[in-house]
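Asks: First, the structure itself, so that you have it in front of you.
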Amino acid sequence: MSSTTTTSSSSPAPGFVQAVLALGVGGFAIGTGEFVIMGLLPEVAHDIGTTIPQAGHVISAYALGVVIGAPVLAVLAAGWPRRALLIALMAVFAAGNFASALAPGYLSLNLLRLASGLPHGTYFGVAALVAAGLAPPGRRASAVGLVMLGLTGATLIGVPIAAWLGQQFGWRAAFVFVGLIAVVAMAMLRRALPPLPAASGASAWRELGALRRKQVWLTLGIAAIGFGGMFAVFSYVKPTLTEVAGLPLSGVPLVLALFGVGMVGGNLVGARLADKALMPTIGGLLVWAALVLCSFSFAAHHVATAALSVLLVGSIVAIGPALQIRLMDVAGDAQTLAAALNHSAFNMANALGAWLGGVAISAGLGWTSTGWVGALLALAGLGIFGWALASERRAGPDGRAAVGRAGA
């Protein structure tokens with residue numbers, strides 16, 4: 001590599017830091033809005049006159065909105081200038097949260113949470129494309145990781161603040177807070193991002209071309225299955241900590257904060273590793289996930305080891321930036337849809353992991369069985385990863401070169 005190339009590789013585009021900060025604040029708003037409701041279900045249930053399990057349907061409604069919205073909005077808005085699209089997506093998210101704060105009952109709240117989830121996947125997909133485009137060539141995954149830092153950082157800062165507001169002033173105040181963060185993000189995006197026109201020749205039909213690519217489906221499979229193990233454990237971590245490890249209820253928030261620390265650290269480290277060696281990072285992190293989730297079944301019996309294990313489970317999110325970059329590399333000229341679908345896949349992982357963990361517990365295998373379920377899901381993801389590698393090798397040099405040109 002020439003010295004000229006090296007120098008240019010280390011120099012981000014002008015305004016890169018401000019742009020990534022603005023994109024990250026949008027991610028912070030979305031992360032806070034997605035996770036805060038989990039700690040306010042009793043208040044929601046009491047206010048709208050329903051049971052806590054029924055109130056939990058609003059979580060599923062949001063996730064459904066993400067799964068539906070990511071591909072639909074990415075295709076419909078394929079020709080939009082990217083700055084305008086990001087601001088519009090954040091405006092829809094802000095409106096959905098303000099409206100959620102005014103929801104009079106169960107049905108309206110579920111519909112509004114679904115609407116709030118619609119822009120989630122497309123926002124992160126487009127934000128990742130913008131960040132990677134502004135970053136130096138060798139730092140694409142790190143740039144995506146910085147955007148995702150807003151989402152993971154929300155578990156440490158945004159969610160506790162919103163939850164406190166919800167407990168002090170009612171759950172509706174939490175959604176008002178999220179909406180206000182989204183409005184701030186809109187202003188920052190308008191100020192920090194260049195005009196950023198859509199990719200040349202972008203169209204809905206071209207974006208749909210991503211669905212004809214085998215490597216896109218295999219990468220989404222890794223995300224939807226291999227990443228599900230983290231959710232298999234985390235969905236039931238509170239009763240596991242209290243019933244198995246004997247952790248006092250007052251100590252649960254501290255351990256959950258450790259999960260957030262693990263997410264933030266894993267996100268940053270995983271992004272740096274992906275910049276150095278993308279495919280080895282994905283494979284290595286799937287092995288790491290299997291080991292961490294398996295060890296959780298043993299570590300959960302003691303408070304200290306359980307707390308450490310929860311932190312390590314959070315670190316599994318490290319695979320997120322790597323999979324995002326992989327999708328961008330294999331999607332060819334259908335970048336927006338592929339990047340957005342990554343977040344649909346992660347929400348499918350959430351649903352799959354939580355469901356299979358619940359099946360194991362209901363079968364009488366105990367709270368710690370979620371660790372074994374998670375490890376099996378990570379190994380299944382590793383199997384799909386091996387399939388992707390084998391398929392790419394069979395495609396030969398021409399196929400691999402095409403993939404490389406797609407990610408350039």
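Residue numbers start at 1 in each chain; chains themselves are named A, B, ... in the order of the structure tokens; ligands are numbered from 1 in the order shown.
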With only C-alpha atoms as the counted atoms, please give the residues lying no more than 8 Å from Ala360 (chain A), apart from itself and same-chain residues fewer than 4 positions off, as a VMD selection string.
Replies: chain A and resid 356 364 to 366 369 to 370 373
Asks: Restricted to C-alpha atoms, what would the selected residues look like written as a PDB file, in the first residue's frame?
Replies:
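Output file selection.pdb is given in full below:
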ATOM      1  CA  LEU A 356     -37.087 -20.777  23.028  1.00  0.00           C
ATOM      2  CA  GLY A 364     -39.116 -27.843  33.676  1.00  0.00           C
ATOM      3  CA  LEU A 365     -35.449 -27.442  32.746  1.00  0.00           C
ATOM      4  CA  GLY A 366     -34.969 -24.524  35.134  1.00  0.00           C
ATOM      5  CA  SER A 369     -31.438 -23.724  30.900  1.00  0.00           C
ATOM      6  CA  THR A 370     -31.600 -20.460  28.975  1.00  0.00           C
ATOM      7  CA  VAL A 373     -30.560 -22.661  24.665  1.00  0.00           C
TER       8      VAL A 373
END
Asks: Write out as a CSV table (one decimal) with all heavy atoms, in the first residue's frame which residues come within 6 Å of region 165-182 of chain A when counting only C-alpha atoms, dropping same-chain ones fewer than 4 positions away.
Replies:
chain,number,residue,atom,x,y,z
A,29,ALA,N,-32.0,8.0,21.0
A,29,ALA,CA,-33.4,8.2,21.2
A,29,ALA,C,-34.2,6.9,20.9
A,29,ALA,O,-35.1,6.5,21.7
A,29,ALA,CB,-33.9,9.3,20.2
A,33,GLY,N,-36.3,4.6,23.6
A,33,GLY,CA,-37.7,4.4,23.4
A,33,GLY,C,-38.0,2.9,23.3
A,33,GLY,O,-39.1,2.5,23.8
A,94,ALA,N,-40.4,10.5,16.6
A,94,ALA,CA,-40.8,11.5,17.6
A,94,ALA,C,-42.3,11.5,17.7
A,94,ALA,O,-42.9,11.5,18.8
A,94,ALA,CB,-40.2,12.8,17.2
A,97,ASN,N,-43.8,8.6,19.5
A,97,ASN,CA,-43.7,8.6,21.0
A,97,ASN,C,-44.5,9.6,21.6
A,97,ASN,O,-45.1,9.4,22.7
A,97,ASN,CB,-42.2,8.8,21.3
A,97,ASN,CG,-41.4,7.5,21.2
A,97,ASN,OD1,-41.4,6.7,22.1
A,97,ASN,ND2,-40.8,7.3,20.0
A,98,PHE,N,-44.6,10.8,21.0
A,98,PHE,CA,-45.5,11.8,21.6
A,98,PHE,C,-47.0,11.3,21.6
A,98,PHE,O,-47.7,11.5,22.6
A,98,PHE,CB,-45.5,13.1,20.8
A,98,PHE,CG,-44.2,13.9,21.1
A,98,PHE,CD1,-43.5,14.4,20.0
A,98,PHE,CD2,-43.7,14.1,22.3
A,98,PHE,CE1,-42.3,15.2,20.2
A,98,PHE,CE2,-42.6,14.8,22.6
A,98,PHE,CZ,-41.9,15.4,21.5
A,101,ALA,N,-47.7,8.8,24.3
A,101,ALA,CA,-47.9,9.4,25.6
A,101,ALA,C,-49.4,9.8,25.8
A,101,ALA,O,-49.8,10.0,27.0
A,101,ALA,CB,-47.0,10.6,25.8
Asks: For Ile37 (chain A), work out the shell of residues within 9 Å, counting only C-alpha atoms and skipping chain neighbours fewer than 5 positions away, then give it as a list in words.
Replies: Thr32, Val44, Gly56, Val58, Ile59, Val159, Ala163, Trp171, Ala174 and Phe175 of chain A
Asks: Compare A:Gly357, A:Gly145, A:Pro195, A:Pro248 by their minimum atom-to-atom distance to Ile319 (chain A), counting only C-alpha atoms, and give me the closest one.
Replies: A:Gly145
Asks: Contacts of region 297-303 of chain A at 9 Å or less, counting only C-alpha atoms, minus same-chain residues fewer than 4 places along, as a count of residues only?
Replies: 17
Asks: From a DSSP calculation on the backbone, collect every residue of region 68-249 of chain A in helix (DSSP H, G or I) and output the set as a PyMOL selection string.
Replies: chain A and resi 68-76+82-100+106-117+120-134+137-154+158-169+171-192+204-212+214-226+228-234+237-243+249
Asks: Which is closer to Met328 (chain A) than all the others in A:Ala141, A:Val359, A:Ala354, A:Leu151, using only C-alpha atoms?
Replies: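 Once distances to Met328 (chain A) are computed over only C-alpha atoms, the minimum belongs to A:Ala141.
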Asks: Can you tell me which residues surround region 66-74 of chain A at a distance of at most 7 Å, considering only C-alpha atoms, apart from same-chain residues fewer than 4 positions away, and format the answer as a PyMOL selection string?
Replies: chain A and resi 62+78+117-122+336-337+340-341+344+347
Asks: Could the residues in this selection be saved with C-alpha atoms as a compact mmCIF listing (two decimals), in the first residue's frame?
Replies:
# COMPACT_ATOMS: atom_id res chain seq x y z
CA TYR A 62 -42.84 -2.30 18.69
CA ALA A 78 -34.90 4.29 -1.91
CA GLY A 117 -41.12 0.95 15.58
CA LEU A 118 -41.56 1.41 11.83
CA PRO A 119 -38.60 3.81 11.29
CA HIS A 120 -36.20 1.92 13.61
CA GLY A 121 -34.53 -0.47 11.16
CA THR A 122 -34.39 1.91 8.20
CA THR A 336 -30.32 0.49 1.87
CA LEU A 337 -32.63 -2.51 2.09
CA ALA A 340 -32.11 -1.98 7.19
CA LEU A 341 -32.93 -5.70 7.22
CA SER A 344 -35.29 -6.74 11.38
CA ASN A 347 -35.57 -8.19 16.36
